[in-house]
Amino acid sequence: MTGSSSEIIVALAGQPNSGKSTIFNALTGARQHVANYPGITVEKKMGTYRFDGRKTVVVDLPGTYSLTSYTQEERVSRDFLIHEKPAAVVDVVDASNLERNLYLVFQLAEMGIPMVVGLNMMDVARQRGLRIDIEQLSLELDMPVVPTIGNKGVGIKELREAINQISKDGDSTSATKRADLRQRFLRLDYGAALEPVLGRLEKRLSEDVTLATRYPLRWLALKLMENDSEVQRLVREHATNKENILSSVAREREVFQAEHGEASEQAIAIRRYQVAGEIVEHCVKRGKEEHRTLTDRIDQVVCHRVAGPIFLGGVLFLLYYLTMKIGGEHIAPWAWKYWTMLRDVIAGILPAEGLIRSLLLSGIVDGVFAIMNYLPIFLILFLLIAILEDSGYMARVAFIMDRALRAFGLHGQSTLPMILGGVVVGGCAIPGVMATRAMKDQKARMTTIMIVPLMNCMAKVPLYVLLVSIFFKEHQAIMLWFMSLITLGVALIVASVLSRTVLKRQESEPFILEMPPYHLPTITGVIRRAVERTWLFVKKVITIIVAVAIVVWIFITFPGLSKERTAYYDAQAEEATNAFMKKLGKNNPYAKLLAGTGLKEFGQYWDRYKKKKMGARSKEEKDALNEKFSREHPEFFKIVNKGKGLDGKKDKYAKKVYTAYKRLDKTLKRLDTARRKETVHVSFAGRFGRFLEPVSQWAGFDWKINIALASSFAAKENLVATLGTIYSVGEESGDTLAVTMAKDTAQSWTPVHALALMLFVALFPPCIATLIMVRVETGSTKWMLFAATYPIILGFIIAVIVFQGGQLLGLTALQVMTLFSLFVFTILAATYFVGERAALKKQKTFQPLDHATT
Amino acid sequence: MKQSGVVYDLFDHQKDHQIDAAMTPGMPLAMACAGERVRIVMLAGGRGMHQRLASMGLNVGSEIEVIKKGIPGPFLVSAGDTRLAVGAGIAHKIMVSPIAQGTQ
């Protein structure tokens, strides 16, 4: 064996729903990793295995129905096969759906790469009474065909063997041998009309040396006759006499059209189906007359006009119940304990004081951990969604929802992104925006990306809960329902407006979606997919947060206090310290110990002890704690233990120090909070907040709220945290934020204030992490900026209307809420009927000659 | 003449059911009833749509069965062993002719 053959690359292709990922997993096991193809959002999955001493790298191509150049996925697959020249390509074929799957087999075979067919889902085919003559199929296709059942691992060994064998044949590096090999594989006969044309073109192309060495000629000829723009580009780039070639192709196409009355690409497509039909006729024996399959029977209920939506409602309810109830209330708090432990460890490693610690800890670590808190919830959500996807139900969800969503310019497939974004309270826009990838319809996809951030992500919830618990104590549940209904209503209106205005020119695609037969999902498949998605999410979030946290931290930390103010706080602190030293008295033996750096050392000891003591529950724990601290520093211990040593002896000097230090500690902490508060006040964020106050007061927001809102731009979690800093929830006072805020706002705030704020936050621009995701998915900075600005304007207008209206008419918040919901749902209903009528009108004007624009 | 939207002939060896496409203008799929079996006689729309439909198993000559009628939602059809949800928009662009029951 030569050196080059010690590692081979194999491409894995297949149509959607052919079980390609189960084959991929079965082939490669756990040795996988996911990357993106450069510059685009299509995922590139790779995995490896060893067979017969050779390392085989399997590249999982995106699932596509064909290999034209219309979609990004198809282009990616094609480019990979042409340019990377894998040693072999495996086409995973759904045995229960052979005819359609052969369409891709033919197109792959034309690319001239040694090929193996993995005839997958043999069990499903057998259940449907299909008997496939595998030998005959292999003979007719002129390539090895290996029957497999991917999710049970059946046939994997044989598949590896076939790959190994065929790629060995392809090892031969000489060009003629490779060309020879190409001839050996299936050569689809395009019939009397096309073959002469193809022959002429092939000959012509073979005269061009660059093309002939780079690409399979028959494939080039076919693609040119199919009028494939990418292949035309290849010719233009590489051919020496490109003008000649392209003009003769154009001539051939014209002549063909004139002679046969149809475009050559259509003739090619039809011919492929004919041959597929013939092959199926030879190789597949159908058992008894086909009865309604189980899938059809399930669909009778699940896709039913009335029962379908009800069933969907039940499924969604279960989805939320399991994620929010089990994940949110049980697993997340349990996991949080470990997250805080990890955070403490990190806090211990970091330098004790200064800007770097502040940046790393409050900027990056806290930001990342705030999201990590939701990780268990996401894991459960992704698990459930993987079950829905693998079972085949997700396609039905799109089917059922398409009717309703289409009236608003959305798509049946917008449902999953919206669920992830949090239709009912509790989601996250980042996976929501990522999930729009599956959508082919560019217009609906863009619209979905724009409205997903309006959903109620989990980070908006704490603010709702905070405000609701202060201002709407009696109506907590109703208020939360109101918020989710209102945001959904507003989002649909926005979608409808956007798709008819700014997104009008985006490309729209007809709705065609395969409804795969129902499967029982496998446990490993579901877990693998959920873990993969969660991991992708974590990676994204961490990289984005690290980048963003630095900016925000600068925003709320700098320019910092002026020299005078710093000096003032320093002087205050020194004064307090001096007073403390004086109080100890001249004869106090501890005075020496606490002089200079000793005081600082003691301060840390004090804080540590207090914190540990709070955590200690039983008497044994306390005793152990005392002993440990006493051993560490017997003198300090006497002070913190109110003058008592471990032996129980009282020391009045130590007791005196204890009392004095307790007061000093309180003063220092108060100074520290005041200093922090002032830093925020004079920071860029603070200035910004005060600068906006004249405008924002129309909606009832003062500068404190403005700052909190500005900081929540980084991550919505910051909202409540920043309010916490501003309202300076004293660590010593023990009051919660709700209590402090309630006190602070008691005179000035009404529930209408709170309602306006909640509505603004609901519609407020997405956090920066989401915006970056929007940038990645739309590939456009312009759309990212649009996604950032329109919600501010919209949210502000709504907040002003609600606030001013409520104040002028002297209504209670509940009345305002009712009026506002009526308003929103009237518009929503109007939009729906307008959208529906427009859709019907479009359908009725049937124009055979019009270009695909539905 | 533009190449899109031409009426396509069926091929000769569609042996079971010889349908002369020129004689059967067909109706939009949208007008077919639930449970009806039909054959595609013509596809309207651009080349991109044709290739897309073809790759999913909807081609001139394909036999399909309407499982559920949409209006205004998507149609549920079966083409061979594939179940497809087809938007009402395209259902108006796929011209079909009914297959008499019992010929199969």
# chains A, B, ... in the order shown; residues from 1 in each chain; ligands from 1
>>> interface_residues(of="chain B", to="chain A", cutoff="8 Å", atoms="only C-alpha atoms", output="JSON, numbers by chain")
{"B": [3, 4, 5, 6, 7, 8, 43, 44, 45, 46, 47, 48, 49, 50, 51, 54, 55, 56, 57, 59, 60, 72, 73, 74, 80, 81, 82, 83, 84, 85, 86, 87, 88, 89, 90, 92, 93]}
>>> residues_around(residues="stretch 427-443 of chain A", least_positions_apart="2", cutoff="6 Å", atoms="only C-alpha atoms", output="list in words")
Pro417, Leu420, Gly421, Gly422, Arg445, Met446, Ile449, Val452, Pro453, Cys457, Met458, Gln506, Glu507, Ser508, Glu509 and Thr770 of chain A
>>> write_last_selection(atoms="all heavy atoms", output="tab-separated table (two decimals), in the first residue's frame")
chain	number	residue	atom	x	y	z
A	417	PRO	N	-38.41	28.00	14.60
A	417	PRO	CA	-37.66	29.16	15.11
A	417	PRO	C	-38.45	29.96	16.14
A	417	PRO	O	-37.89	30.42	17.13
A	417	PRO	CB	-37.40	30.00	13.86
A	417	PRO	CG	-37.44	29.04	12.75
A	417	PRO	CD	-38.41	27.98	13.13
A	420	LEU	N	-38.51	28.12	19.45
A	420	LEU	CA	-37.21	28.25	20.13
A	420	LEU	C	-37.04	29.65	20.70
A	420	LEU	O	-36.49	29.84	21.77
A	420	LEU	CB	-36.08	27.94	19.16
A	420	LEU	CG	-35.91	26.48	18.79
A	420	LEU	CD1	-34.94	26.32	17.64
A	420	LEU	CD2	-35.43	25.68	19.99
A	421	GLY	N	-37.53	30.65	19.95
A	421	GLY	CA	-37.41	32.03	20.42
A	421	GLY	C	-38.27	32.31	21.64
A	421	GLY	O	-38.03	33.27	22.36
A	422	GLY	N	-39.27	31.47	21.87
A	422	GLY	CA	-40.11	31.66	23.06
A	422	GLY	C	-41.48	32.24	22.74
A	422	GLY	O	-41.78	33.35	23.13
A	445	ARG	N	-37.85	33.40	5.30
A	445	ARG	CA	-36.74	33.20	6.23
A	445	ARG	C	-36.30	34.54	6.83
A	445	ARG	O	-36.12	34.67	8.04
A	445	ARG	CB	-35.59	32.54	5.49
A	445	ARG	CG	-34.39	32.29	6.35
A	445	ARG	CD	-33.40	31.35	5.70
A	445	ARG	NE	-32.30	31.16	6.61
A	445	ARG	CZ	-31.11	31.72	6.45
A	445	ARG	NH1	-30.86	32.46	5.39
A	445	ARG	NH2	-30.17	31.53	7.34
A	446	MET	N	-36.13	35.54	5.97
A	446	MET	CA	-35.73	36.86	6.46
A	446	MET	C	-36.77	37.42	7.42
A	446	MET	O	-36.44	37.97	8.46
A	446	MET	CB	-35.56	37.83	5.28
A	446	MET	CG	-34.37	37.54	4.41
A	446	MET	SD	-32.82	37.81	5.24
A	446	MET	CE	-32.82	39.58	5.32
A	449	ILE	N	-36.43	35.70	10.69
A	449	ILE	CA	-35.26	36.16	11.45
A	449	ILE	C	-35.56	37.50	12.13
A	449	ILE	O	-35.18	37.74	13.27
A	449	ILE	CB	-34.03	36.30	10.52
A	449	ILE	CG1	-33.57	34.93	10.06
A	449	ILE	CG2	-32.89	37.02	11.22
A	449	ILE	CD1	-32.41	34.95	9.10
A	452	VAL	N	-38.18	36.78	15.21
A	452	VAL	CA	-37.86	35.85	16.30
A	452	VAL	C	-37.40	36.59	17.57
A	452	VAL	O	-37.79	36.25	18.67
A	452	VAL	CB	-36.81	34.79	15.85
A	452	VAL	CG1	-36.13	34.15	17.04
A	452	VAL	CG2	-37.49	33.73	15.01
A	453	PRO	N	-36.59	37.67	17.43
A	453	PRO	CA	-36.16	38.37	18.65
A	453	PRO	C	-37.30	39.06	19.40
A	453	PRO	O	-37.12	39.46	20.54
A	453	PRO	CB	-35.17	39.42	18.12
A	453	PRO	CG	-34.72	38.90	16.81
A	453	PRO	CD	-35.88	38.17	16.24
A	457	CYS	N	-37.77	35.81	25.23
A	457	CYS	CA	-36.66	34.97	25.60
A	457	CYS	C	-36.57	34.86	27.12
A	457	CYS	O	-37.16	35.66	27.84
A	457	CYS	CB	-35.36	35.48	25.00
A	457	CYS	SG	-34.68	36.90	25.82
A	458	MET	N	-35.84	33.86	27.57
A	458	MET	CA	-35.81	33.59	29.00
A	458	MET	C	-35.25	34.75	29.80
A	458	MET	O	-35.53	34.89	30.97
A	458	MET	CB	-35.00	32.33	29.24
A	458	MET	CG	-35.84	31.12	29.00
A	458	MET	SD	-34.96	29.65	29.42
A	458	MET	CE	-34.35	29.19	27.84
A	506	GLN	N	-37.35	40.29	-1.54
A	506	GLN	CA	-36.61	39.06	-1.27
A	506	GLN	C	-37.21	37.92	-2.09
A	506	GLN	O	-38.39	37.90	-2.35
A	506	GLN	CB	-36.70	38.72	0.22
A	506	GLN	CG	-36.00	39.72	1.10
A	506	GLN	CD	-34.51	39.55	1.09
A	506	GLN	OE1	-34.02	38.44	0.99
A	506	GLN	NE2	-33.78	40.65	1.17
A	507	GLU	N	-36.33	36.97	-2.45
A	507	GLU	CA	-36.79	35.85	-3.25
A	507	GLU	C	-37.73	34.95	-2.46
A	507	GLU	O	-37.45	34.61	-1.32
A	507	GLU	CB	-35.58	35.01	-3.66
A	507	GLU	CG	-35.30	35.06	-5.12
A	507	GLU	CD	-34.04	34.28	-5.41
A	507	GLU	OE1	-32.94	34.87	-5.32
A	507	GLU	OE2	-34.17	33.09	-5.69
A	508	SER	N	-38.81	34.58	-3.10
A	508	SER	CA	-39.75	33.71	-2.44
A	508	SER	C	-39.78	32.37	-3.16
A	508	SER	O	-39.57	32.32	-4.36
A	508	SER	CB	-41.12	34.37	-2.46
A	508	SER	OG	-42.06	33.50	-1.92
A	509	GLU	N	-40.01	31.32	-2.44
A	509	GLU	CA	-39.99	30.00	-3.07
A	509	GLU	C	-41.32	29.32	-2.83
A	509	GLU	O	-41.95	29.52	-1.82
A	509	GLU	CB	-38.90	29.13	-2.42
A	509	GLU	CG	-37.56	29.35	-2.99
A	509	GLU	CD	-36.98	28.07	-3.56
A	509	GLU	OE1	-37.68	27.04	-3.49
A	509	GLU	OE2	-35.86	28.11	-4.06
A	770	THR	N	-27.59	37.96	19.78
A	770	THR	CA	-28.59	37.65	18.76
A	770	THR	C	-28.32	38.44	17.48
A	770	THR	O	-28.42	37.91	16.38
A	770	THR	CB	-30.00	37.98	19.27
A	770	THR	OG1	-30.21	37.28	20.48
A	770	THR	CG2	-31.06	37.58	18.27
>>> atom_distance(atom1="atom CA of A:Asp344", atom2="atom CA of A:Ile542")
18.6 Å
>>> atom_distance(atom1="atom CA of A:Asp94", atom2="atom CA of A:Val76")
21.9 Å
>>> residues_around(residues="B:Val66", least_positions_apart="4", cutoff="10 Å", atoms="only C-alpha atoms", output="list of chain:residue names")
B:Leu29, B:Ala30, B:Ala32, B:Cys33, B:Ala34, B:Gly35, B:Glu36, B:Arg37, B:Val38, B:Gly70, B:Phe75, B:Leu76, B:Val77, B:Ser78, B:Ala79, B:Arg83, B:Leu84
>>> write_last_selection(atoms="C-alpha atoms", output="mmCIF file, in the first residue's frame")
data_model
loop_
_atom_site.group_PDB
_atom_site.id
_atom_site.type_symbol
_atom_site.label_atom_id
_atom_site.label_comp_id
_atom_site.auth_asym_id
_atom_site.auth_seq_id
_atom_site.Cartn_x
_atom_site.Cartn_y
_atom_site.Cartn_z
ATOM 1 C CA LEU B 29 -53.985 20.278 -9.078
ATOM 2 C CA ALA B 30 -55.785 22.717 -6.792
ATOM 3 C CA ALA B 32 -58.581 17.902 -7.756
ATOM 4 C CA CYS B 33 -60.606 16.248 -5.022
ATOM 5 C CA ALA B 34 -59.274 14.539 -1.947
ATOM 6 C CA GLY B 35 -58.628 10.873 -2.709
ATOM 7 C CA GLU B 36 -58.400 11.465 -6.450
ATOM 8 C CA ARG B 37 -55.570 9.967 -8.492
ATOM 9 C CA VAL B 38 -54.195 12.244 -11.157
ATOM 10 C CA GLY B 70 -55.630 22.439 1.248
ATOM 11 C CA PHE B 75 -52.127 20.185 -0.203
ATOM 12 C CA LEU B 76 -51.012 16.789 0.949
ATOM 13 C CA VAL B 77 -50.219 14.551 -2.008
ATOM 14 C CA SER B 78 -48.462 11.249 -2.462
ATOM 15 C CA ALA B 79 -46.148 10.716 -5.387
ATOM 16 C CA ARG B 83 -45.712 12.228 0.821
ATOM 17 C CA LEU B 84 -45.398 15.873 -0.059
#
>>> closest_residue(among="A:Lys628, A:Arg357, A:His753, A:Lys203", to="A:Ala699", atoms="only C-alpha atoms")
A:His753
>>> closest_residue(among="A:Phe472, A:Gly327, A:Asn578, A:Met394", to="A:Gly426", atoms="only C-alpha atoms")
A:Gly327
>>> atom_distance(atom1="atom CA of A:Ala788", atom2="atom CA of A:Trp698")
21.2 Å
>>> residues_around(residues="A:Ala579", least_positions_apart="5", cutoff="10 Å", atoms="only C-alpha atoms", output="PyMOL selection string")
chain A and resi 573-574+584+660+664
>>> select_by_dssp(residues="stretch 111-171 of chain A", states="alpha helix (DSSP H)", output="PyMOL selection string")
chain A and resi 122-127+134-141+156-169
>>> write_last_selection(atoms="N, CA and C atoms", output="CSV table (one decimal), in the first residue's frame")
chain,number,residue,atom,x,y,z
A,122,MET,N,-34.0,-0.5,5.0
A,122,MET,CA,-34.5,-1.8,4.4
A,122,MET,C,-35.7,-2.3,5.2
A,123,ASP,N,-35.7,-2.0,6.6
A,123,ASP,CA,-36.8,-2.5,7.4
A,123,ASP,C,-38.1,-1.9,7.0
A,124,VAL,N,-38.0,-0.5,6.8
A,124,VAL,CA,-39.2,0.2,6.4
A,124,VAL,C,-39.8,-0.4,5.1
A,125,ALA,N,-38.8,-0.6,4.1
A,125,ALA,CA,-39.3,-1.1,2.8
A,125,ALA,C,-39.9,-2.5,3.0
A,126,ARG,N,-39.3,-3.3,3.9
A,126,ARG,CA,-39.9,-4.6,4.1
A,126,ARG,C,-41.3,-4.5,4.7
A,127,GLN,N,-41.4,-3.6,5.6
A,127,GLN,CA,-42.7,-3.5,6.3
A,127,GLN,C,-43.8,-3.1,5.2
A,134,ILE,N,-31.5,-6.9,-4.9
A,134,ILE,CA,-30.3,-6.0,-4.7
A,134,ILE,C,-29.2,-6.3,-5.8
A,135,GLU,N,-29.1,-7.6,-6.2
A,135,GLU,CA,-28.1,-8.0,-7.2
A,135,GLU,C,-28.5,-7.3,-8.5
A,136,GLN,N,-29.8,-7.4,-8.8
A,136,GLN,CA,-30.2,-6.8,-10.1
A,136,GLN,C,-30.0,-5.3,-10.1
A,137,LEU,N,-30.3,-4.7,-9.0
A,137,LEU,CA,-30.1,-3.2,-8.8
A,137,LEU,C,-28.7,-2.8,-9.0
A,138,SER,N,-27.8,-3.6,-8.4
A,138,SER,CA,-26.4,-3.4,-8.5
A,138,SER,C,-25.9,-3.5,-9.9
A,139,LEU,N,-26.5,-4.5,-10.6
A,139,LEU,CA,-26.1,-4.7,-12.0
A,139,LEU,C,-26.5,-3.6,-12.9
A,140,GLU,N,-27.8,-3.1,-12.6
A,140,GLU,CA,-28.3,-2.0,-13.5
A,140,GLU,C,-27.6,-0.7,-13.2
A,141,LEU,N,-27.3,-0.5,-12.0
A,141,LEU,CA,-26.6,0.8,-11.6
A,141,LEU,C,-25.1,0.7,-11.9
A,156,ILE,N,-23.4,-2.1,8.2
A,156,ILE,CA,-22.4,-1.0,8.3
A,156,ILE,C,-21.0,-1.6,7.9
A,157,LYS,N,-20.8,-2.8,8.4
A,157,LYS,CA,-19.5,-3.5,8.1
A,157,LYS,C,-19.3,-3.7,6.6
A,158,GLU,N,-20.4,-4.2,6.0
A,158,GLU,CA,-20.4,-4.5,4.6
A,158,GLU,C,-20.2,-3.2,3.8
A,159,LEU,N,-20.8,-2.1,4.3
A,159,LEU,CA,-20.7,-0.8,3.6
A,159,LEU,C,-19.2,-0.3,3.7
A,160,ARG,N,-18.6,-0.5,4.9
A,160,ARG,CA,-17.2,-0.1,5.0
A,160,ARG,C,-16.3,-0.9,4.0
A,161,GLU,N,-16.6,-2.2,3.9
A,161,GLU,CA,-15.9,-3.0,3.1
A,161,GLU,C,-16.0,-2.6,1.6
A,162,ALA,N,-17.2,-2.3,1.2
A,162,ALA,CA,-17.5,-1.8,-0.1
A,162,ALA,C,-16.7,-0.5,-0.4
A,163,ILE,N,-16.8,0.4,0.5
A,163,ILE,CA,-16.1,1.6,0.4
A,163,ILE,C,-14.6,1.4,0.2
A,164,ASN,N,-14.1,0.5,1.0
A,164,ASN,CA,-12.6,0.2,1.0
A,164,ASN,C,-12.2,-0.3,-0.4
A,165,GLN,N,-13.1,-1.3,-0.8
A,165,GLN,CA,-12.8,-1.9,-2.1
A,165,GLN,C,-12.8,-0.9,-3.2
A,166,ILE,N,-13.8,-0.2,-3.3
A,166,ILE,CA,-14.0,0.7,-4.5
A,166,ILE,C,-13.0,1.9,-4.4
A,167,SER,N,-12.6,2.3,-3.2
A,167,SER,CA,-11.7,3.4,-3.2
A,167,SER,C,-10.3,2.9,-3.5
A,168,LYS,N,-10.0,1.6,-3.3
A,168,LYS,CA,-8.7,1.1,-3.6
A,168,LYS,C,-8.6,1.0,-5.1
A,169,ASP,N,-9.7,0.7,-5.8
A,169,ASP,CA,-9.7,0.7,-7.2
A,169,ASP,C,-9.4,2.1,-7.7
>>> residues_around(residues="A:Gly287", least_positions_apart="5", cutoff="9 Å", atoms="only C-alpha atoms", output="MDAnalysis selection string")
chainID A and resid 128:131
